[in-house]
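Reading through the C-alpha cells given below for one structure.
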Amino acid sequence: MAKYEKLSIDPTSSPMVEKAEKDGVSLCWDRLHRQEPQCAFGQLGICCRICNMGPCQVDPFGEGPQYGVCGADADTIAARNFVRMIAGGAAAHSDHGRGVAELFLEAAKGEAPGYGIKDEQKLYAVAMDLDIEVGNRPIKEIAVDVGKAAFEMFGSQHGPIKFVKRAPLKRQKIWEELGVVPRGVDREIVEIMHRTHIGVDQEYRNILLQGTRAALGDGWGGSMIATELQDILFGTPVPLPSRVNLGIIRDDHVNLIIHGHEPLLSEMIVMAAQQKDIVEEAQKVGAAGINLGGICCTANEILMRHGIPIAGDFLQQELAIVTGACDAMVVDVQCIMQSLSEVASCYHTKLITTNYRAKIPGATHIQFEEHDALNTARKIVLAAIHNFPRRAKTNVRIPAEHMDLVAGFSHETINYLLGGTFRASYRPLNDNIINGKIRGIAGVVGCNNCKMCHGEGHVEMVKHLIKNDVIVLQTGCSAIDCAKAGLLVPEAAQKYAGAGLAEVCETVGIPPVLHMGSCVDNSRILMAATAVVKEGGLGDDISDLPAAGAAPEWMSEKAISIGQYFVTSGVYTVFGVSFPTLGSPKLTKHLFEEYFDMYGGMWDYALDPIDGANKMIAHINGRRQALGLDKKKERVLMDMAMRREID
Ligand code: SF4
Ligand code: MSK
C-alpha cells in the first residue's frame, strides 16, 4: 500500500482506499508506488523508442549520450514525443466526434430508432456555420446535410475545416500566416505519425507546426463536431441542479455506474432505467429502485442534460466498486482503468464493456447497437438489476458525503443568462470585465493524476482564482473536483469569490465556477471566448482577452492536445504535475516563450496550484494593462452611436 501524507482532499476517497487495503484490493496509488522511481528520461520527454535501434535516451546533464543511434537530438526526440501525444489526444476526441456524426446521420435519415433532433435552433445555427441552406427546407434534409458536412471535416484533404471560420478573424489570419490551418481532422493526425517516423521531420519547430495543425483539428474540428451534434441530438444543456461524490450511491437501490466519455448509449440507459417494467423488475429483486451515477466524462454528459448525479472523477472509478454497492459498471471509451476488471472481481460488481474499440479481459461485453440502442441499454440495466441480489451486504460501506452542484452552462446558456431573453448577449460579462468587477476569465480543465494529492490542484487553483475575481469555466474531472468542494453552487460566490465577482454572480444568480461539460466540450470554451471577442471592447482576438487556461492535475494525451489548441488559439495555459518537454530546453523555450510572439498564447508550468493561479492572474493583469483597463476611467453613459462605433 502506498503511503502518502495526503492522498486526497476528498472526504470519501481516503476511507475507501483504507477499505480497499482491508479487502486486499490493489488501487492505482499502490501500483504507482510499485512503479517508483519512474523513468526520468520518459518524464522529461527524452526517451525515444520510435525504431528498433532504440530505445535511446539523451542525458539531460550533458555527461552521457546526447544523440540517439540515428543522430536524433533531445529537441527532435522531445518534439516527436510531444506531437505524438497530441496525435493520441486528437484521435481520441475526433474518433468520438466521428461516432457521433455517424449516429447523427443515421438519426437524421430516420434509421436510428429512439434518436432524433432535439434542438432545432442549434441545428439551424450549425447549418448556417457550415454554409448549408436553411430557408424553408424540411428539418430532416437540413440535418442530413449537416451530418454529411461534419463527416467531410474528418476526411477532407485540402481544408480548411469549416468550423475554423467560427474563430475571430484575426486568429484565422494568424493561423493562415503560420500555415497551420487544419486541412482535415484525420489527415493532420496521420501526418504526425508520418513526420515522427524515424528519419523524417527532424527540426523541432517544424514538427510542432504539425502538432498545432492536428490540435486545431481537434478543438475546432473533432471535439467541436462532437459537442455540436450531441447538443442537436440530445439537447443543449441548461442549468440544472444535481449532486456529486460517492455518497450518491444508495444502499437500497440497484446502483449502475456509467463511466467513459460518450453519451450515445448513456442517453438510452437513462431512458431505459425509467421504464415501468424495468423499475418493476428492480423491485422484484428487492431493490427500492434504480440509481444511476456517472464517472468521468460520460458522467458530465448525462449530468449536463439530465441532472444524473456524479459518483466521482477519474481517480474514484476503482473506489466506486470498493464501496461494495456497485452492482454494475458500464464503460465505453477513454480513461477506463484496466484494473477495474480485477477490482470488480473482488466484489460482486459486473463490469460491462460496450464499444468494440474498448474491451477488457474479464469484463462482459454487450455491444452497443445503434439500430437497437434502447434494447442494448435495457440489457445493461437488467444485468445490473439481476446482480443486485449477489451483493455481499456485510461488506458494503458507502461514504455519507455528497455535495450539491449546478451544471449545464453551455455557451448559449451563458449568453442567455447574462443578457436575458430580450437581449441575449455577452455584453454584461464584457462590461463587468471592463469595469473591473470581473478581473478576467479562466478555463480550468482536465484530469486527476495519482502523483498529486487528489483534487487539491484543481480546488486550490480555482479557489485562488475566484478570490481574485476571475470567473472560472470548467470541464472534465476538474469540474467534478470543484463540485465536490462546493464551488459549483451560487452560494459559493459569497463564500469564496472576491467582492466584484461575487456581486456579478449574485445579480445574475450564477456560481462563480461554471460547469460547461465533458472534455470534448472544451470547444464550448473556445466558442465562449470567441463570443466575448465578438461582443467588443476587449480587443479583436482571443489572445487580447484577460483570460488564461490550466490543467493542474493532467494525465492524458487528450490534455496535451487540448492544451495545444488552447495555446495556439491565443490562450496562456499552465499545466501542473510535470511537463513532457523539460528535457529539451530549446523546445521548452519555443513553447513557453517563442509561442507568445507566434500565437499570442503560450504554455507554462507550475507544480504548485497557487503558483499556477498567480501566473494566470499575472497574465490576466498584463492583458488588462494592454487593453488600458488598469487605469480608472470616468464612467461614460454610452448612446447607440457610441456603441456602434465600438462594434
Ligand atoms: Fe533511437 Fe533514433 Fe530509433 Fe529514436 S528513432 S529509437 S533516437 S535510433
Ligand atoms: S475524463 S480525459 S480523466 S478530464 Fe474526460 Fe477526466 Fe481527463 Fe479523462
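By convention in this document, the chains of the C-alpha cells carry letters A, B, ... by their order, each chain's residues are numbered from 1, and ligands are numbered from 1 in the order they are shown.
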(message) as number ranges by chain, please: the residues near region 14-25 of chain A (cut-off 7 Å, only C-alpha atoms, same-chain neighbours under 6 positions excluded).
(response) A: 7-8, 319, 322-323, 343
Do you have, as a tab-separated table, the list of residues of chain A lying at most 8 Å from ligand 1, each with its nearest atom pair and that distance in Å to one decimal, counting only C-alpha atoms and all ligand atoms and ordered by chain then number?
```
residue	atom	partner	partner_atom_place_in_ligand_line	distance
A:Cys47	CA	ligand 1	4 (Fe)	7.8
A:Cys48	CA	ligand 1	4 (Fe)	4.3
A:Arg49	CA	ligand 1	6 (S)	4.1
A:Ile50	CA	ligand 1	6 (S)	4.7
A:Cys51	CA	ligand 1	3 (Fe)	3.8
A:Asn52	CA	ligand 1	3 (Fe)	5.9
A:Met53	CA	ligand 1	8 (S)	4.7
A:Gly54	CA	ligand 1	6 (S)	3.5
A:Pro55	CA	ligand 1	6 (S)	4.6
A:Cys56	CA	ligand 1	1 (Fe)	4.4
A:Gln57	CA	ligand 1	7 (S)	7.3
A:Tyr67	CA	ligand 1	7 (S)	6.9
A:Gly68	CA	ligand 1	7 (S)	3.8
A:Val69	CA	ligand 1	8 (S)	4.1
A:Cys70	CA	ligand 1	2 (Fe)	4.2
A:Gly71	CA	ligand 1	2 (Fe)	6.2
A:Ala72	CA	ligand 1	7 (S)	5.1
A:Asp73	CA	ligand 1	7 (S)	7.4
A:Ile77	CA	ligand 1	7 (S)	6.6
A:His197	CA	ligand 1	5 (S)	7.2
A:Ile198	CA	ligand 1	5 (S)	4.5
A:Gly199	CA	ligand 1	5 (S)	7.1
```
(request) May I ask you to write as a PyMOL selection string all residues lying at most 9 Å from ligand 2, with only C-alpha atoms and all ligand atoms counted? (result) chain A and resi 89+259-261+295-300+313-315+334-336+445-449+475-480+518-520+551+553-559
Would you save the residues of that selection, restricted to C-alpha atoms, as a compact mmCIF listing (two decimals), in the first residue's frame?
```
# COMPACT_ATOMS: atom_id res chain seq x y z
CA GLY A 89 -5.41 13.01 -27.82
CA HIS A 259 -18.15 5.54 -16.98
CA GLY A 260 -16.24 6.76 -20.02
CA HIS A 261 -16.89 9.54 -22.49
CA ILE A 295 -17.79 8.66 -13.53
CA CYS A 296 -15.53 10.86 -15.71
CA CYS A 297 -16.95 12.49 -18.81
CA THR A 298 -19.90 10.22 -19.60
CA ALA A 299 -20.95 11.43 -16.15
CA ASN A 300 -20.59 15.03 -17.26
CA ASP A 313 -13.86 11.52 -11.08
CA PHE A 314 -11.10 9.58 -12.80
CA LEU A 315 -9.37 8.54 -9.54
CA GLN A 334 -11.25 6.53 -22.68
CA CYS A 335 -9.91 6.91 -19.14
CA ILE A 336 -11.10 3.44 -18.10
CA VAL A 445 -9.94 21.72 -17.01
CA GLY A 446 -8.53 18.23 -17.20
CA CYS A 447 -7.87 15.05 -15.33
CA ASN A 448 -6.66 13.81 -11.96
CA ASN A 449 -3.28 12.22 -11.51
CA THR A 475 -14.99 20.82 -17.91
CA GLY A 476 -13.96 17.22 -17.25
CA CYS A 477 -12.73 15.85 -13.95
CA SER A 478 -11.64 19.32 -12.87
CA ALA A 479 -15.30 20.37 -12.74
CA ILE A 480 -16.15 17.23 -10.75
CA SER A 518 -17.07 16.99 -20.77
CA CYS A 519 -13.58 17.04 -22.30
CA VAL A 520 -14.87 17.47 -25.88
CA ALA A 551 -4.84 21.73 -16.26
CA GLU A 553 -3.59 17.57 -12.49
CA TRP A 554 -3.41 16.44 -16.11
CA MET A 555 -2.55 12.89 -17.10
CA SER A 556 -3.97 12.01 -20.55
CA GLU A 557 -2.72 12.65 -24.09
CA LYS A 558 -6.04 14.40 -24.65
CA ALA A 559 -4.97 17.05 -22.14
```
(request) From a DSSP pass on the backbone, collect the residues of region 260-318 of chain A flagged as helix (DSSP H, G or I) and hand them back as a PyMOL selection string. (result) chain A and resi 263-272+276-284+296-306+314-318
Emit the selected residues as a short mmCIF file (atom, residue, chain, number, x, y, z; two decimals), in the first residue's frame, including C-alpha atoms.
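And here's result_12.cif as it stands now:
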```
data_model
loop_
_atom_site.label_atom_id
_atom_site.label_comp_id
_atom_site.auth_asym_id
_atom_site.auth_seq_id
_atom_site.Cartn_x
_atom_site.Cartn_y
_atom_site.Cartn_z
CA PRO A 263 -23.33 10.00 -24.37
CA LEU A 264 -24.75 7.93 -27.26
CA LEU A 265 -25.50 4.84 -25.18
CA SER A 266 -25.77 6.52 -21.79
CA GLU A 267 -28.66 8.68 -23.05
CA MET A 268 -30.52 5.42 -23.75
CA ILE A 269 -29.54 3.95 -20.38
CA VAL A 270 -31.10 6.98 -18.68
CA MET A 271 -34.27 6.29 -20.67
CA ALA A 272 -34.27 2.53 -20.03
CA LYS A 276 -42.01 0.95 -15.89
CA ASP A 277 -41.26 -2.74 -16.45
CA ILE A 278 -37.57 -2.22 -15.70
CA VAL A 279 -38.33 -0.40 -12.44
CA GLU A 280 -40.72 -3.21 -11.51
CA GLU A 281 -38.00 -5.75 -12.25
CA ALA A 282 -35.72 -3.91 -9.80
CA GLN A 283 -38.44 -4.01 -7.16
CA LYS A 284 -38.89 -7.75 -7.76
CA CYS A 296 -15.53 10.86 -15.71
CA CYS A 297 -16.95 12.49 -18.81
CA THR A 298 -19.90 10.22 -19.60
CA ALA A 299 -20.95 11.43 -16.15
CA ASN A 300 -20.59 15.03 -17.26
CA GLU A 301 -22.66 14.37 -20.39
CA ILE A 302 -25.66 12.88 -18.55
CA LEU A 303 -25.29 15.39 -15.73
CA MET A 304 -25.43 18.33 -18.14
CA ARG A 305 -28.60 17.14 -19.88
CA HIS A 306 -30.47 15.10 -17.26
CA PHE A 314 -11.10 9.58 -12.80
CA LEU A 315 -9.37 8.54 -9.54
CA GLN A 316 -12.64 7.38 -7.98
CA GLN A 317 -13.52 4.77 -10.61
CA GLU A 318 -11.96 1.96 -8.58
#
```
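In this comparison, which uses only C-alpha atoms, the residue of A:Leu488, A:Ala74, A:Ile117, A:Ile192 approaching Gly42 (chain A) most closely is A:Ala74.
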With only C-alpha atoms counted and 12 Å as the cut-off, give the residues of region 75-181 of chain A in contact with region 407-431 of chain A, each with its shortest interatomic distance in Å and the pair that gives it, as a Markdown table.
```
| residue | atom | partner | partner_atom | distance |
| --- | --- | --- | --- | --- |
| A:Gln121 | CA | A:Glu412 | CA | 10.9 |
| A:Lys122 | CA | A:Glu412 | CA | 9.4 |
| A:Ala125 | CA | A:Glu412 | CA | 11.1 |
```
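Closest approach to Ser94 (chain A) from the set A:Arg195, A:Lys589, A:Arg187, A:His515 is made by A:Arg187, with distances taken over only C-alpha atoms.
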(request) Name the residues of region 271-382 of chain A that come out as strand (DSSP E) in a backbone DSSP run; write them as a PyMOL selection string. (result) chain A and resi 290-295+310-312+328-331+350-353+364-365
(request) Write out as a ChimeraX atom specification the residues lying within 9 Å of Lys463 (chain A), counting only C-alpha atoms and excluding same-chain residues fewer than 5 positions away. (result) /A:458,468,482,487,496-497
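If you look at CA of Asn522 (chain A) and CA of Glu188 (chain A), they are 19.7 Å away from each other.
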